[in-house]
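Reading through the structure tokens given below for one structure.
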Amino acid sequence: MLINPSSPHSDDGWLARNIVDPSLKISEPIVLETKQLHVYYGDNEAIHEADLKFLEHQISALIGPSGSGKSTFLRSLNRMNDGVARVTGEILYRGVDVNRSEIDVYEMRRRIGMVFQRPNPFPKSIYDNITFALKRRGITDKQTLDEAVETSLKQAALWDEVKDQLKKSALALSGGQQQRLCIARALAVKPDILLLDEPASALDPVSTSKLEETLLQLKNDYTIIIVTHNMQQAARISDYTAFFNMGWALEYDETSQIFTSPQVQLTNNYVAGDFG
Amino acid sequence: MNNNLQKQLLKRSKAAKLERLGKTVSFLALMLITLTVFAIIIFVASKGLSTFFTNHVNWIDFLTGKNWNPNVTNAKGQPEVGALPMISGSFVVTILSALLATPFAIGTAIFMNEISPHRGAKLLQPVIELLVGIPSVVYGFIGLTVVVPAVRSVFGGSGFGILAGTFVLFVMILPTVTSMSVDALRSVPRYYREAALALGATQWQTIYKVVLRAATPGMLTAIVFGMARAFGEALAVQMVIGNAALMPTSLVSPASTLTSVLTTGIGNTVMGSLQNNALWSLALVLLVMSLIFNLVIRMIGRKGAMSK
């Protein structure tokens, strides 16, 4: 487990001795790591010193009440906060600090893809949505594009539902299908990490469980970091869970630990449903 | 008790009366505007059509004739009221000025909304609002003293003509087209941009392939609005176009538009005479054209709404 030692809750006494690096317990390599990450909106500090490590081919969930900074943190990871907020500290992607101005953000975002809260397909056909990023990268070979469409739609478990209507507008799909299309679109560029910002919050329960199944499948090939306000969802699909509150990453541990025996009282209150 | 309740519920309260008054007033306002619009259409139509019904001018001759001289009768014993020179003059200046203004407007709108929103809002917004507010006679006067001599020295001829009219109209419709293009860009949801950026697209790719595509209906509306304004603009065009009711053969020879002939001619004719009726027919053409522009704008809007 990892408990933020500098958070205002760390003076609870019993914390200090429990600080353990999660990577020591498991064998997977660290894909993404933040060191001393601070995020500021103007003078307002939205994230205070987050040090988190994300492990390869695991699903890590970021939970916490509204305004806790979990989405802000997530959006900082692939620099979607550029021009919106000031991000200081290191974001180590496989050892390379990508939070530097010299980094080519376009190349970095291809490796660290993102899916948003609200399904946001382009007002184009299903096919064009998926090939969008590939075409922007100069890939025009029809066969390559066709294959990418089929592969990524299959990965997102949408192929069977749309294979006969790839030329149809993406906006004609249901909300759940649109969100899986957005996942397929992100997968088409073969990312390493997939960031998901409350991807199921606009979906009905059936679509949500389909999406969760998809994510569990994707885990085999991708590292997934998901923000969710749905604790059951975090418990169902994630391997690791980080609890955010008021801009602090308070506790980070295996999901089963967080939900059964959290070390921080606030985490306990939150997963027990006392606030949030 | 029950009786009392019934009395209370059946009595009209002050709030209910006010509600009714408000509805009546707003309905009357709507009726007044509708009636005015219809009255104008009926008046212009009855005047404009009397050229064809009272003076028995063939409407095909009117629309296709190339000679405009209502005081003279031609070999067929018909007055010379061919409106084609003005109609084509109007269309040519409108289309040319829209063609010229569109790239500038889209470029400015992209800069203001996508590339530098802060500076755009601070610097360009007031400039554009100011440009909209300048009266057209001022534009015409500047056209007359600056544009016409410039055209004369660069392109030759007298300087008066379609080219000078195009330049003046370009400046006049630019703010309209720009500010409507900005609105069109602004109405593109932020999540389209985010989606493209998160896929690793550059800002220019995002603008060109996503934002502009999504804003196309709004952009087209902006352009058609600009064209409608250019088509209907009278004073400034009249001051620089030369006012010769001839078929436009070059961009620098004097020509005329529907509006310029109307403004120069309407005060010099007697109500009910053929000369007067012929001008009303030109006004009718203008009115029909502006209705068509309106229809086009509505059609674009509806198509845009469907594809969203």
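We name chains A, B, ... following the order of the structure tokens; residues begin at 1 in each chain, and ligands are numbered from 1 as shown.
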
Could you list, with a cut-off of 7 Å and counting only C-alpha atoms, the residues of chain A near chain B, each shown with its nearest atom pair and the distance in Å rounded to one decimal, rows sorted by chain and ascending number, as a tab-separated table?
residue	atom	partner	partner_atom	distance
A:Tyr106	CA	B:Gly200	CA	4.3
A:Glu107	CA	B:Gly200	CA	6.3
A:Arg109	CA	B:Gly200	CA	4.9
A:Arg110	CA	B:Gly200	CA	5.0
A:Gly113	CA	B:Ala198	CA	6.1
A:Met114	CA	B:Ala198	CA	5.7
A:Asn120	CA	B:Tyr191	CA	6.1
A:Phe122	CA	B:Tyr192	CA	6.3
A:Pro123	CA	B:Lys308	CA	6.5
A:Ala133	CA	B:Leu199	CA	5.9
A:Arg136	CA	B:Ala201	CA	6.6
A:Ala186	CA	B:Leu199	CA	6.3

Dump C-alpha atoms for the selected residues as a compact mmCIF listing (two decimals), in the first residue's frame?
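Written file, selection_6.txt:
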# COMPACT_ATOMS: atom_id res chain seq x y z
CA TYR A 106 1.16 14.07 -30.08
CA GLU A 107 3.44 11.05 -30.10
CA ARG A 109 -0.80 10.74 -26.58
CA ARG A 110 -0.71 8.01 -29.17
CA GLY A 113 -4.83 7.16 -25.05
CA MET A 114 -7.88 8.57 -23.36
CA ASN A 120 -17.69 11.79 -27.95
CA PHE A 122 -16.96 12.54 -34.25
CA PRO A 123 -20.00 13.30 -36.41
CA ALA A 133 -6.04 9.04 -35.92
CA ARG A 136 -3.69 11.83 -39.40
CA ALA A 186 -8.44 4.96 -28.90

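Considering the residues B:Val188, B:Ala121, B:Ile142, B:Ile223 and counting only C-alpha atoms, B:Leu100 has its shortest atom-to-atom contact with B:Ile223.
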
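Counting only C-alpha atoms, the residue from A:Asn220, A:Asn268, A:Ser261, A:Ser256 that sits nearest to A:Glu56 is A:Asn220.
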
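Distances to B:Lys47 were evaluated for B:Met289, B:Leu123, B:Met172, B:Met271 using only C-alpha atoms, and the minimum falls at B:Met271.
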
If we count only C-alpha atoms and set the cut-off at 10 Å, which residues sit around A:Gln217, ignoring sequence neighbours fewer than 5 positions away in its own chain? Please answer as a ChimeraX atom specification. /A:155-157,211-212,222

If you keep N, CA and C atoms, can you produce a file of those selected residues as a CSV table (one decimal), in the first residue's frame?
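Saved file out.csv follows:
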chain,number,residue,atom,x,y,z
A,155,GLN,N,-11.8,-5.7,-30.4
A,155,GLN,CA,-11.2,-5.6,-29.0
A,155,GLN,C,-12.2,-4.9,-28.1
A,156,ALA,N,-13.0,-3.9,-28.7
A,156,ALA,CA,-13.9,-3.2,-27.9
A,156,ALA,C,-15.3,-3.9,-27.9
A,157,ALA,N,-15.3,-5.1,-28.4
A,157,ALA,CA,-16.6,-5.9,-28.4
A,157,ALA,C,-17.7,-5.2,-29.0
A,211,LEU,N,-19.5,-2.7,-20.9
A,211,LEU,CA,-18.2,-2.0,-20.9
A,211,LEU,C,-17.2,-2.6,-20.0
A,212,GLU,N,-17.7,-3.0,-18.8
A,212,GLU,CA,-16.7,-3.5,-17.8
A,212,GLU,C,-16.1,-4.8,-18.3
A,222,TYR,N,-3.4,-4.2,-22.3
A,222,TYR,CA,-3.2,-2.8,-22.1
A,222,TYR,C,-3.2,-2.5,-20.6

Leaving out A:Asp197 and any residue of its chain fewer than 2 positions from it, which residues lie within 10 Å of it when counting only C-alpha atoms, given as a CSV table (one decimal) with C-alpha atoms, in the first residue's frame?
chain,number,residue,atom,x,y,z
A,62,LEU,CA,-9.1,6.3,-9.1
A,70,LYS,CA,-9.2,12.3,-9.6
A,71,SER,CA,-10.2,13.5,-13.1
A,72,THR,CA,-7.7,16.4,-12.9
A,74,LEU,CA,-6.0,11.5,-14.9
A,75,ARG,CA,-6.1,14.3,-17.5
A,114,MET,CA,-7.9,8.6,-23.4
A,115,VAL,CA,-11.6,7.9,-23.3
A,116,PHE,CA,-13.9,10.6,-21.8
A,117,GLN,CA,-16.9,10.7,-19.5
A,118,ARG,CA,-19.3,11.6,-22.2
A,194,LEU,CA,-5.6,3.6,-21.7
A,195,LEU,CA,-6.9,6.4,-19.5
A,199,PRO,CA,-16.5,6.1,-19.0
A,200,ALA,CA,-19.7,4.5,-17.7
A,201,SER,CA,-21.3,7.5,-15.9
A,225,ILE,CA,-6.3,3.6,-15.4
A,226,ILE,CA,-9.9,4.4,-14.8
A,227,VAL,CA,-11.6,7.2,-12.9
A,228,THR,CA,-14.9,6.2,-11.5
A,229,HIS,CA,-17.4,7.5,-9.0

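Taking atom CA of B:Arg186 as the reference point, atom CA of B:Ile115 is found at 12.5 Å.
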
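The interatomic distance for the pair atom CA of B:Ile60 and atom CA of B:Phe43 works out to 21.8 Å.
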
Give me every helix (DSSP H, G or I) residue in stretch 86-297 of chain B, going by DSSP on the backbone, as a PyMOL selection string. chain B and resi 86-115+117-133+136-155+162-186+190-198+203-232+235-240+258-268+274-297

Can you pull out the residues contacting B:Lys76? Cut-off 12 Å, using only C-alpha atoms, and skip same-chain residues under 3 positions away; I want them as an NGL selection string. :B and (57-58 or 61 or 72-73 or 79-80)

Please run DSSP on the backbone and report, as number ranges by chain, all residues within stretch 37-268 of chain B that come out as strand (DSSP E or B). B: 68-73, 79-81, 242, 255

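Checking B:Asn113, B:Leu235, B:Met86, B:Gly65 one by one against B:Pro135, counting only C-alpha atoms, you find the shortest gap at B:Leu235.
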
Test item: residues at most 9 Å from B:Leu49, only C-alpha atoms, excluding those fewer than 4 positions along its chain, as a ChimeraX atom specification: /B:44-45,53-54,277-278,280-281,284

Write out the residues from the selection above, keeping C-alpha atoms, as a CSV table (one decimal), in the first residue's frame.
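The new file result_17.csv reads:
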chain,number,residue,atom,x,y,z
B,44,VAL,CA,-44.2,45.4,-53.3
B,45,ALA,CA,-45.7,42.5,-55.1
B,53,PHE,CA,-50.3,43.3,-65.8
B,54,THR,CA,-51.0,47.0,-66.3
B,277,ASN,CA,-43.7,50.4,-61.8
B,278,ALA,CA,-40.5,49.0,-63.4
B,280,TRP,CA,-41.0,48.3,-58.2
B,281,SER,CA,-40.5,45.2,-60.2
B,284,LEU,CA,-39.8,42.7,-56.1

Name the closest residue to A:Ile237 among the candidates A:Ala272, A:Ile59, A:Ile112, A:Ala184; distances are taken between atoms, counting only C-alpha atoms. A:Ile59

Interatomic distance between atom CA of A:Leu196 and atom CA of A:Arg180? 11.5 Å
